[in-house]
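File shown: run_13.cif (mmCIF, C-alpha atoms).
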data_data
#
loop_
_atom_site.group_PDB
_atom_site.id
_atom_site.type_symbol
_atom_site.label_atom_id
_atom_site.label_comp_id
_atom_site.auth_asym_id
_atom_site.auth_seq_id
_atom_site.Cartn_x
_atom_site.Cartn_y
_atom_site.Cartn_z
ATOM 1 C CA MET A 1 0.000 0.000 0.000
ATOM 2 C CA GLU A 2 2.750 2.455 0.952
ATOM 3 C CA ARG A 3 4.618 1.885 -2.308
ATOM 4 C CA LYS A 4 1.518 2.729 -4.354
ATOM 5 C CA LEU A 5 0.867 5.893 -2.321
ATOM 6 C CA VAL A 6 4.479 7.002 -2.696
ATOM 7 C CA GLN A 7 4.299 6.529 -6.456
ATOM 8 C CA GLU A 8 1.006 8.433 -6.735
ATOM 9 C CA SER A 9 1.829 11.196 -4.251
ATOM 10 C CA GLY A 10 3.534 13.544 -6.681
ATOM 11 C CA ILE A 11 6.131 14.269 -3.993
ATOM 12 C CA PRO A 12 9.659 14.393 -5.509
ATOM 13 C CA PHE A 13 11.422 11.712 -3.461
ATOM 14 C CA ALA A 14 15.217 11.670 -3.704
ATOM 15 C CA ALA A 15 15.111 7.872 -3.494
ATOM 16 C CA TYR A 16 12.981 4.961 -2.346
ATOM 17 C CA HIS A 17 14.481 1.852 -0.736
ATOM 18 C CA GLU A 18 13.207 -1.326 0.925
ATOM 19 C CA VAL A 19 14.767 -3.583 3.542
ATOM 20 C CA HIS A 20 13.822 -7.046 4.778
ATOM 21 C CA ALA A 21 11.923 -7.430 8.057
ATOM 22 C CA GLY A 22 9.398 -9.707 9.760
ATOM 23 C CA PRO A 23 7.278 -10.076 12.921
ATOM 24 C CA LEU A 24 8.575 -11.726 16.103
ATOM 25 C CA HIS A 25 5.483 -11.504 18.310
ATOM 26 C CA GLY A 26 2.240 -13.455 18.004
ATOM 27 C CA VAL A 27 3.560 -15.814 15.318
ATOM 28 C CA ASP A 28 4.638 -19.485 15.227
ATOM 29 C CA SER A 29 8.188 -20.705 15.799
ATOM 30 C CA PHE A 30 8.944 -21.136 12.107
ATOM 31 C CA THR A 31 7.940 -17.522 11.403
ATOM 32 C CA VAL A 32 10.076 -16.302 14.321
ATOM 33 C CA VAL A 33 13.142 -18.022 12.850
ATOM 34 C CA SER A 34 12.342 -16.726 9.375
ATOM 35 C CA SER A 35 11.760 -13.208 10.701
ATOM 36 C CA ALA A 36 15.011 -13.234 12.664
ATOM 37 C CA ALA A 37 16.897 -14.062 9.467
ATOM 38 C CA LYS A 38 15.053 -11.326 7.556
ATOM 39 C CA LEU A 39 15.703 -8.778 10.289
ATOM 40 C CA SER A 40 19.414 -9.628 10.316
ATOM 41 C CA LEU A 41 19.577 -9.181 6.568
ATOM 42 C CA GLY A 42 17.498 -6.014 6.849
ATOM 43 C CA ALA A 43 19.853 -4.539 9.440
ATOM 44 C CA LEU A 44 22.792 -5.108 7.094
ATOM 45 C CA GLN A 45 20.849 -3.576 4.201
ATOM 46 C CA ALA A 46 19.876 -0.582 6.321
ATOM 47 C CA PHE A 47 23.428 -0.072 7.574
ATOM 48 C CA ASN A 48 24.848 -0.090 4.057
ATOM 49 C CA ARG A 49 22.135 2.168 2.673
ATOM 50 C CA LEU A 50 22.352 4.668 5.538
ATOM 51 C CA ARG A 51 26.144 4.701 5.312
ATOM 52 C CA CYS A 52 25.809 5.837 1.697
ATOM 53 C CA LEU A 53 22.986 8.294 2.284
ATOM 54 C CA ARG A 54 24.273 9.761 5.572
ATOM 55 C CA PRO A 55 20.971 11.385 6.580
ATOM 56 C CA GLY A 56 20.948 13.990 9.323
ATOM 57 C CA VAL A 57 18.078 12.265 11.126
ATOM 58 C CA ALA A 58 15.893 9.157 10.850
ATOM 59 C CA LEU A 59 12.120 9.189 11.424
ATOM 60 C CA LEU A 60 10.648 5.868 12.568
ATOM 61 C CA THR A 61 7.144 4.724 13.468
ATOM 62 C CA GLY A 62 5.746 1.357 14.563
ATOM 63 C CA GLY A 63 6.109 -1.946 12.733
ATOM 64 C CA TRP A 64 8.961 -4.422 12.561
ATOM 65 C CA ALA A 65 10.319 -2.848 9.359
ATOM 66 C CA ASN A 66 11.645 -0.026 11.541
ATOM 67 C CA LEU A 67 13.872 -2.294 13.624
ATOM 68 C CA PRO A 68 16.609 -2.805 10.968
ATOM 69 C CA LEU A 69 16.655 0.931 10.305
ATOM 70 C CA ALA A 70 16.954 1.711 14.003
ATOM 71 C CA LEU A 71 19.893 -0.654 14.360
ATOM 72 C CA GLY A 72 21.602 0.757 11.285
ATOM 73 C CA ALA A 73 21.081 4.348 12.421
ATOM 74 C CA ARG A 74 22.306 3.584 15.928
ATOM 75 C CA MET A 75 25.530 2.000 14.621
ATOM 76 C CA LEU A 76 26.197 5.048 12.451
ATOM 77 C CA GLY A 77 25.335 7.615 15.134
ATOM 78 C CA ILE A 78 22.363 8.991 13.204
ATOM 79 C CA PRO A 79 19.841 10.595 15.599
ATOM 80 C CA ILE A 80 16.384 9.003 15.639
ATOM 81 C CA VAL A 81 12.946 10.555 16.059
ATOM 82 C CA ILE A 82 10.114 8.121 16.771
ATOM 83 C CA TYR A 83 6.541 9.080 15.991
ATOM 84 C CA LEU A 84 3.723 7.288 17.850
ATOM 85 C CA PRO A 85 0.440 7.730 15.945
ATOM 86 C CA ASP A 86 -1.780 5.722 18.335
ATOM 87 C CA ILE A 87 -2.422 6.416 22.008
ATOM 88 C CA GLU A 88 -0.535 3.397 23.344
ATOM 89 C CA PRO A 89 2.809 2.163 21.940
ATOM 90 C CA GLY A 90 3.166 -1.369 20.630
ATOM 91 C CA LEU A 91 6.091 -3.700 21.158
ATOM 92 C CA THR A 92 8.217 -2.259 18.358
ATOM 93 C CA ILE A 93 8.092 1.309 19.624
ATOM 94 C CA LYS A 94 8.663 0.101 23.188
ATOM 95 C CA ALA A 95 11.792 -1.666 21.934
ATOM 96 C CA LEU A 96 12.983 1.240 19.788
ATOM 97 C CA GLN A 97 12.440 4.043 22.297
ATOM 98 C CA ARG A 98 15.849 3.447 23.896
ATOM 99 C CA PHE A 99 17.461 4.457 20.583
ATOM 100 C CA ALA A 100 15.454 7.655 20.133
ATOM 101 C CA ALA A 101 16.602 11.219 20.728
ATOM 102 C CA ARG A 102 12.955 12.352 20.946
ATOM 103 C CA ILE A 103 9.538 10.688 20.739
ATOM 104 C CA ALA A 104 6.722 12.561 18.998
ATOM 105 C CA ILE A 105 3.228 11.711 20.248
ATOM 106 C CA THR A 106 -0.236 12.490 18.943
ATOM 107 C CA VAL A 107 -1.820 13.352 22.308
ATOM 108 C CA SER A 108 -0.413 14.175 25.723
ATOM 109 C CA GLU A 109 -1.941 11.035 27.292
ATOM 110 C CA SER A 110 0.758 8.947 25.557
ATOM 111 C CA ALA A 111 3.565 10.571 27.563
ATOM 112 C CA LYS A 112 2.991 8.207 30.503
ATOM 113 C CA TYR A 113 4.393 5.296 28.474
ATOM 114 C CA PHE A 114 7.829 6.888 28.110
ATOM 115 C CA PRO A 115 10.546 8.333 30.356
ATOM 116 C CA ALA A 116 9.948 11.911 31.495
ATOM 117 C CA GLY A 117 11.283 14.587 29.177
ATOM 118 C CA ARG A 118 11.563 12.353 26.088
ATOM 119 C CA THR A 119 8.246 13.130 24.428
ATOM 120 C CA VAL A 120 6.913 16.055 22.390
ATOM 121 C CA VAL A 121 3.209 16.443 21.597
ATOM 122 C CA THR A 122 3.091 17.180 17.882
ATOM 123 C CA GLY A 123 -0.356 15.900 16.956
ATOM 124 C CA TYR A 124 -1.111 13.673 13.992
ATOM 125 C CA PRO A 125 0.322 14.856 10.629
ATOM 126 C CA LEU A 126 -2.695 15.412 8.387
ATOM 127 C CA GLN A 127 -2.684 15.504 4.604
ATOM 128 C CA GLY A 128 -3.228 18.854 2.934
ATOM 129 C CA ASN A 129 -6.452 17.720 1.265
ATOM 130 C CA ARG A 130 -7.948 17.238 4.735
ATOM 131 C CA LEU A 131 -7.033 20.752 5.859
ATOM 132 C CA GLN A 132 -8.447 22.470 2.796
ATOM 133 C CA ALA A 133 -11.772 20.643 2.454
ATOM 134 C CA THR A 134 -15.000 22.587 3.000
ATOM 135 C CA ARG A 135 -18.601 21.465 3.338
ATOM 136 C CA GLU A 136 -19.639 23.556 0.328
ATOM 137 C CA GLN A 137 -17.074 21.799 -1.865
ATOM 138 C CA ALA A 138 -18.183 18.439 -0.466
ATOM 139 C CA ILE A 139 -21.866 19.037 -1.246
ATOM 140 C CA THR A 140 -20.934 19.795 -4.854
ATOM 141 C CA ARG A 141 -18.467 16.891 -5.202
ATOM 142 C CA PHE A 142 -20.889 14.225 -3.957
ATOM 143 C CA LYS A 143 -24.056 15.848 -5.356
ATOM 144 C CA LEU A 144 -25.749 15.976 -1.967
ATOM 145 C CA ASN A 145 -28.800 17.797 -0.669
ATOM 146 C CA ALA A 146 -27.388 20.555 1.521
ATOM 147 C CA SER A 147 -30.373 20.400 3.877
ATOM 148 C CA GLY A 148 -30.193 16.623 4.376
ATOM 149 C CA LYS A 149 -28.070 14.659 6.841
ATOM 150 C CA THR A 150 -25.178 12.573 5.590
ATOM 151 C CA LEU A 151 -23.674 9.392 7.037
ATOM 152 C CA LEU A 152 -20.066 8.511 6.173
ATOM 153 C CA VAL A 153 -19.138 4.823 6.466
ATOM 154 C CA PHE A 154 -15.593 3.600 5.891
ATOM 155 C CA GLY A 155 -13.120 1.063 7.198
ATOM 156 C CA GLY A 156 -9.675 2.450 6.579
ATOM 157 C CA SER A 157 -7.522 2.149 3.471
ATOM 158 C CA ARG A 158 -8.237 -1.575 3.038
ATOM 159 C CA GLY A 159 -11.844 -1.440 4.120
ATOM 160 C CA ALA A 160 -13.635 -3.355 6.884
ATOM 161 C CA ARG A 161 -15.816 -6.256 5.780
ATOM 162 C CA SER A 162 -17.795 -6.536 9.009
ATOM 163 C CA ILE A 163 -18.733 -2.838 8.810
ATOM 164 C CA ASN A 164 -19.690 -3.221 5.153
ATOM 165 C CA ILE A 165 -21.851 -6.252 5.950
ATOM 166 C CA ALA A 166 -23.582 -4.509 8.852
ATOM 167 C CA LEU A 167 -24.279 -1.433 6.743
ATOM 168 C CA GLY A 168 -25.593 -3.555 3.897
ATOM 169 C CA GLY A 169 -27.965 -5.264 6.292
ATOM 170 C CA CYS A 170 -29.630 -2.020 7.353
ATOM 171 C CA LEU A 171 -29.071 0.100 4.240
ATOM 172 C CA PRO A 172 -32.725 0.056 3.047
ATOM 173 C CA ARG A 173 -33.971 1.260 6.428
ATOM 174 C CA LEU A 174 -31.352 3.993 6.628
ATOM 175 C CA LEU A 175 -32.307 5.256 3.192
ATOM 176 C CA ASP A 176 -35.982 5.135 4.169
ATOM 177 C CA GLU A 177 -35.080 7.450 7.064
ATOM 178 C CA GLY A 178 -33.910 10.001 4.507
ATOM 179 C CA LEU A 179 -30.195 9.640 5.198
ATOM 180 C CA GLN A 180 -27.641 10.374 2.499
ATOM 181 C CA ILE A 181 -24.847 7.815 2.681
ATOM 182 C CA ILE A 182 -21.243 7.960 1.497
ATOM 183 C CA HIS A 183 -19.913 4.400 1.695
ATOM 184 C CA ILE A 184 -16.228 3.618 1.154
ATOM 185 C CA THR A 185 -15.908 -0.166 1.012
ATOM 186 C CA GLY A 186 -12.160 -0.621 0.508
ATOM 187 C CA ASP A 187 -10.727 -2.172 -2.639
ATOM 188 C CA PHE A 188 -10.728 -5.703 -1.233
ATOM 189 C CA ASP A 189 -14.448 -5.771 -0.402
ATOM 190 C CA TRP A 190 -15.817 -3.654 -3.227
ATOM 191 C CA GLU A 191 -17.327 -6.385 -5.400
ATOM 192 C CA ARG A 192 -18.831 -8.303 -2.478
ATOM 193 C CA SER A 193 -20.298 -5.106 -1.006
ATOM 194 C CA MET A 194 -21.868 -4.071 -4.313
ATOM 195 C CA SER A 195 -23.355 -7.538 -4.674
ATOM 196 C CA GLN A 196 -24.874 -7.235 -1.192
ATOM 197 C CA VAL A 197 -26.453 -3.824 -1.713
ATOM 198 C CA GLY A 198 -27.794 -4.870 -5.115
ATOM 199 C CA ALA A 199 -30.136 -2.361 -6.740
ATOM 200 C CA TYR A 200 -29.600 0.114 -3.887
ATOM 201 C CA ARG A 201 -26.223 0.841 -5.478
ATOM 202 C CA ARG A 202 -28.128 3.202 -7.801
ATOM 203 C CA HIS A 203 -30.281 4.776 -5.092
ATOM 204 C CA PRO A 204 -30.158 8.601 -5.358
ATOM 205 C CA GLN A 205 -29.163 8.954 -1.677
ATOM 206 C CA TYR A 206 -26.371 6.347 -1.773
ATOM 207 C CA ARG A 207 -22.790 7.065 -2.919
ATOM 208 C CA SER A 208 -20.347 4.146 -2.974
ATOM 209 C CA PHE A 209 -16.613 4.074 -3.668
ATOM 210 C CA PRO A 210 -13.939 1.385 -3.351
ATOM 211 C CA TYR A 211 -11.446 3.973 -2.090
ATOM 212 C CA LEU A 212 -11.058 7.738 -1.799
ATOM 213 C CA HIS A 213 -7.701 9.432 -1.512
ATOM 214 C CA GLU A 214 -7.674 13.032 -2.724
ATOM 215 C CA ASP A 215 -11.391 13.426 -1.948
ATOM 216 C CA MET A 216 -11.380 11.841 1.505
ATOM 217 C CA GLY A 217 -11.233 15.251 3.160
ATOM 218 C CA LEU A 218 -14.387 16.216 1.295
ATOM 219 C CA ALA A 219 -16.095 13.049 2.516
ATOM 220 C CA PHE A 220 -15.347 14.070 6.109
ATOM 221 C CA ALA A 221 -16.538 17.607 5.442
ATOM 222 C CA ALA A 222 -19.827 16.364 3.980
ATOM 223 C CA ALA A 223 -20.747 14.109 6.911
ATOM 224 C CA ASP A 224 -22.896 14.684 9.979
ATOM 225 C CA LEU A 225 -21.973 11.299 11.473
ATOM 226 C CA ALA A 226 -19.332 8.666 10.714
ATOM 227 C CA VAL A 227 -19.166 4.914 11.261
ATOM 228 C CA CYS A 228 -15.592 3.687 11.072
ATOM 229 C CA ARG A 229 -12.701 1.830 12.670
ATOM 230 C CA ALA A 230 -10.554 3.571 15.280
ATOM 231 C CA GLY A 231 -7.192 3.707 13.575
ATOM 232 C CA ALA A 232 -4.690 6.366 14.581
ATOM 233 C CA SER A 233 -5.807 8.844 11.915
ATOM 234 C CA THR A 234 -9.287 9.086 13.455
ATOM 235 C CA LEU A 235 -7.700 10.790 16.474
ATOM 236 C CA ALA A 236 -6.989 13.763 14.211
ATOM 237 C CA GLU A 237 -9.379 13.554 11.268
ATOM 238 C CA LEU A 238 -12.628 13.326 13.228
ATOM 239 C CA PRO A 239 -11.765 16.280 15.532
ATOM 240 C CA LEU A 240 -10.522 18.355 12.589
ATOM 241 C CA PHE A 241 -14.009 18.216 11.098
ATOM 242 C CA ALA A 242 -15.783 18.154 14.487
ATOM 243 C CA LEU A 243 -17.373 14.946 13.238
ATOM 244 C CA PRO A 244 -19.270 12.716 15.706
ATOM 245 C CA ALA A 245 -18.628 9.030 15.151
ATOM 246 C CA ILE A 246 -19.587 5.497 16.030
ATOM 247 C CA LEU A 247 -16.221 3.784 16.372
ATOM 248 C CA VAL A 248 -15.891 0.035 15.803
ATOM 249 C CA PRO A 249 -12.367 -1.052 16.868
ATOM 250 C CA TYR A 250 -10.756 -3.753 14.746
ATOM 251 C CA PRO A 251 -10.880 -6.805 17.048
ATOM 252 C CA TYR A 252 -7.894 -8.777 15.734
ATOM 253 C CA ALA A 253 -4.907 -6.445 16.184
ATOM 254 C CA TRP A 254 -3.926 -6.157 19.848
ATOM 255 C CA ARG A 255 -5.733 -3.228 21.497
ATOM 256 C CA TYR A 256 -4.521 -0.133 19.627
ATOM 257 C CA GLN A 257 -7.916 0.690 18.198
ATOM 258 C CA SER A 258 -9.795 -0.049 21.417
ATOM 259 C CA VAL A 259 -7.610 2.445 23.289
ATOM 260 C CA ASN A 260 -8.070 5.014 20.509
ATOM 261 C CA ALA A 261 -11.850 4.524 20.534
ATOM 262 C CA ASP A 262 -12.014 4.859 24.310
ATOM 263 C CA TYR A 263 -9.991 8.090 24.148
ATOM 264 C CA LEU A 264 -12.583 9.741 21.909
ATOM 265 C CA SER A 265 -15.643 8.172 23.547
ATOM 266 C CA ASP A 266 -14.483 9.046 27.076
ATOM 267 C CA ARG A 267 -14.313 12.688 25.951
ATOM 268 C CA GLY A 268 -17.808 12.677 24.509
ATOM 269 C CA ALA A 269 -16.676 12.936 20.890
ATOM 270 C CA ALA A 270 -17.730 9.434 19.794
ATOM 271 C CA LEU A 271 -19.529 6.247 20.769
ATOM 272 C CA ARG A 272 -17.759 2.900 20.876
ATOM 273 C CA LEU A 273 -19.459 -0.168 19.391
ATOM 274 C CA ASN A 274 -17.741 -3.541 19.548
ATOM 275 C CA ASP A 275 -17.440 -5.451 16.289
ATOM 276 C CA GLU A 276 -19.440 -8.432 17.531
ATOM 277 C CA ASP A 277 -22.335 -6.177 18.559
ATOM 278 C CA MET A 278 -22.508 -4.203 15.351
ATOM 279 C CA ALA A 279 -24.818 -6.236 13.114
ATOM 280 C CA PRO A 280 -27.834 -6.286 15.478
ATOM 281 C CA SER A 281 -27.458 -2.746 16.811
ATOM 282 C CA LEU A 282 -25.862 -0.531 14.139
ATOM 283 C CA PHE A 283 -29.152 0.792 12.732
ATOM 284 C CA ASP A 284 -30.495 1.750 16.172
ATOM 285 C CA ARG A 285 -27.241 3.461 17.155
ATOM 286 C CA ILE A 286 -27.150 5.505 13.955
ATOM 287 C CA ILE A 287 -30.795 6.558 14.104
ATOM 288 C CA SER A 288 -30.718 7.421 17.810
ATOM 289 C CA LEU A 289 -27.868 9.863 17.127
ATOM 290 C CA ILE A 290 -28.964 11.260 13.794
ATOM 291 C CA ARG A 291 -32.392 12.165 15.224
ATOM 292 C CA ASP A 292 -30.903 13.858 18.290
ATOM 293 C CA ASP A 293 -29.640 17.238 17.112
ATOM 294 C CA ALA A 294 -28.707 18.356 20.625
ATOM 295 C CA ARG A 295 -26.609 15.221 21.195
ATOM 296 C CA LEU A 296 -24.882 15.605 17.839
ATOM 297 C CA GLU A 297 -24.062 19.228 18.549
ATOM 298 C CA GLU A 298 -22.619 18.321 21.940
ATOM 299 C CA MET A 299 -20.457 15.628 20.324
ATOM 300 C CA ARG A 300 -19.325 18.101 17.662
ATOM 301 C CA ALA A 301 -18.237 20.563 20.325
ATOM 302 C CA ASN A 302 -16.392 17.854 22.253
ATOM 303 C CA SER A 303 -14.677 16.641 19.104
ATOM 304 C CA ARG A 304 -13.734 20.149 17.992
ATOM 305 C CA ALA A 305 -12.034 20.739 21.345
ATOM 306 C CA LEU A 306 -9.591 17.907 20.525
ATOM 307 C CA ALA A 307 -8.616 19.245 17.097
ATOM 308 C CA ASN A 308 -4.989 19.886 16.175
ATOM 309 C CA ALA A 309 -4.320 20.917 12.589
ATOM 310 C CA GLU A 310 -0.603 21.566 13.148
ATOM 311 C CA GLY A 311 0.637 17.975 13.436
ATOM 312 C CA ALA A 312 2.622 17.891 10.189
ATOM 313 C CA ARG A 313 4.339 21.232 10.845
ATOM 314 C CA ARG A 314 5.160 20.394 14.464
ATOM 315 C CA LEU A 315 6.567 16.993 13.545
ATOM 316 C CA ALA A 316 8.637 18.557 10.779
ATOM 317 C CA ASP A 317 9.969 21.197 13.195
ATOM 318 C CA LEU A 318 11.000 18.464 15.638
ATOM 319 C CA ILE A 319 12.783 16.486 12.934
ATOM 320 C CA ILE A 320 14.670 19.597 11.813
ATOM 321 C CA GLU A 321 15.611 20.399 15.405
ATOM 322 C CA VAL A 322 16.932 16.919 16.161
ATOM 323 C CA GLY A 323 18.725 16.721 12.813
ATOM 324 C CA GLY A 324 20.465 20.011 13.480
ATOM 325 C CA ALA A 325 19.371 21.529 10.171
#

Translate the structure described by the file into structure tokens.
Amino acid sequence: MERKLVQESGIPFAAYHEVHAGPLHGVDSFTVVSSAAKLSLGALQAFNRLRCLRPGVALLTGGWANLPLALGARMLGIPIVIYLPDIEPGLTIKALQRFAARIAITVSESAKYFPAGRTVVTGYPLQGNRLQATREQAITRFKLNASGKTLLVFGGSRGARSINIALGGCLPRLLDEGLQIIHITGDFDWERSMSQVGAYRRHPQYRSFPYLHEDMGLAFAAADLAVCRAGASTLAELPLFALPAILVPYPYAWRYQSVNADYLSDRGAALRLNDEDMAPSLFDRIISLIRDDARLEEMRANSRALANAEGARRLADLIIEVGGA
């Protein structure tokens, strides 16, 4: 996914390189051995590449692919900045933090996981198309009724099948309620989702897409309520648009998304709905909120209070500071 986004970004990269890596936690013994070999090779690749490039600073996030780079940078004395997008760090960031000069965090609540004085609250670095999107542009782009209410349903860059299935199960009733719906299925579940919704695919209040990239900011700007996973980007994107949400944490990847969802729900900006409870209760949760203008406005205000549009600039400033540029 990252390779495709890099190629389509239009950003003039000086170079693009890959190194070998693999997971060590939550996998079988054979995979551990295989991953250890890949990580060893990756560390050698990273060392050789960094020795040639001689960067002033290295920016790392979570994921085992960062481990070879951290080792290579440490051996060459290259300062490291770690960025934690989620609330709680995973095993990789916990392991890498000892190598870092500074640790950038999305929200101040993450500071408790690291030694005092090591963290800087930067916020989440948002794409420019998010920052520039307006509701007026969104109404035009998606051909919506400006006086109607719009529900945005998405599951991240790859989609979320359980969310798509639950939406498909109550789609006729939601449309009967007069809701306009922007549904982003994800590339992997597009064909199955369109088969499920059938003739409703052409309903005048229903807009479906396999994926949105440049126009995702407009989708946020158009919505009055979102149903989505609780990936790290929701910590910034939902507050940026003061968008109330029903958050459905992905149940099969440790607890990152559960912690993220609880952060927003505990502050009155969202409701949490567990994946296993979604199918029988999604319709009722959506309708109870969409009919309650006072509740929606309260959630908007609570979400807006968490907004931070300066994440990209603050992270860039930190990188420049640590790199001595």

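Among the candidates A:Arg267, A:Arg201, A:Arg272, A:Arg51, the residue lying nearest to Glu298 of chain A is A:Arg267 (atoms considered: all atoms listed in the file).
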
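The residues returned by the PyMOL selection byres ((chain A and resi 130) around 8) on the shown structure are Leu126, Gln127, Gly128, Asn129, Leu131, Gln132, Ala133, Met216, Gly217, Leu218 and Glu237 of chain A.
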
* Would you translate the PyMOL selection byres ((chain A and resi 203) around 12) into the concrete set of residues it matches in this file, as a VMD selection string? => chain A and resid 171 to 172 174 to 176 178 to 182 197 to 202 204 to 208

Would you tabulate, counting only C-alpha atoms, all residues of segment 42-111 of chain A that have an atom at most 12 Å from an atom of segment 28-36 of chain A, showing the closest pair of atoms and their distance in Å to one decimal, sorted by chain then ascending number, as JSON lines?
{"residue": "A:Gly42", "atom": "CA", "partner": "A:Ala36", "partner_atom": "CA", "distance": 9.6}
{"residue": "A:Ala43", "atom": "CA", "partner": "A:Ala36", "partner_atom": "CA", "distance": 10.5}
{"residue": "A:Trp64", "atom": "CA", "partner": "A:Ser35", "partner_atom": "CA", "distance": 9.4}
{"residue": "A:Ala65", "atom": "CA", "partner": "A:Ser35", "partner_atom": "CA", "distance": 10.5}
{"residue": "A:Leu67", "atom": "CA", "partner": "A:Ala36", "partner_atom": "CA", "distance": 11.0}
{"residue": "A:Pro68", "atom": "CA", "partner": "A:Ala36", "partner_atom": "CA", "distance": 10.7}

Selection file, C-alpha atoms, as an mmCIF file, in the coordinates of the input:
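Below is the file again_14.cif, written as the result:
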data_model
loop_
_atom_site.group_PDB
_atom_site.id
_atom_site.type_symbol
_atom_site.label_atom_id
_atom_site.label_comp_id
_atom_site.auth_asym_id
_atom_site.auth_seq_id
_atom_site.Cartn_x
_atom_site.Cartn_y
_atom_site.Cartn_z
ATOM 1 C CA GLY A 42 17.498 -6.014 6.849
ATOM 2 C CA ALA A 43 19.853 -4.539 9.440
ATOM 3 C CA TRP A 64 8.961 -4.422 12.561
ATOM 4 C CA ALA A 65 10.319 -2.848 9.359
ATOM 5 C CA LEU A 67 13.872 -2.294 13.624
ATOM 6 C CA PRO A 68 16.609 -2.805 10.968
#

Per-residue nearest contacts segment 186-253 of chain A to segment 106-111 of chain A, cut-off 10 Å, using all atoms listed in the file, as CSV:
residue,atom,partner,partner_atom,distance
A:Ala232,CA,A:Thr106,CA,8.7
A:Ser233,CA,A:Thr106,CA,9.7
A:Leu235,CA,A:Thr106,CA,8.0
A:Ala236,CA,A:Thr106,CA,8.3

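Pairwise distance (atom CA of Leu271 of chain A, atom CA of Ile246 of chain A) equals 4.8 Å.
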
* To do: Would you write out, as a ChimeraX atom specification, every residue that the PyMOL selection byres ((chain A and resi 78) around 8) captures in this file?
  => /A:54-58,73-77,79-80
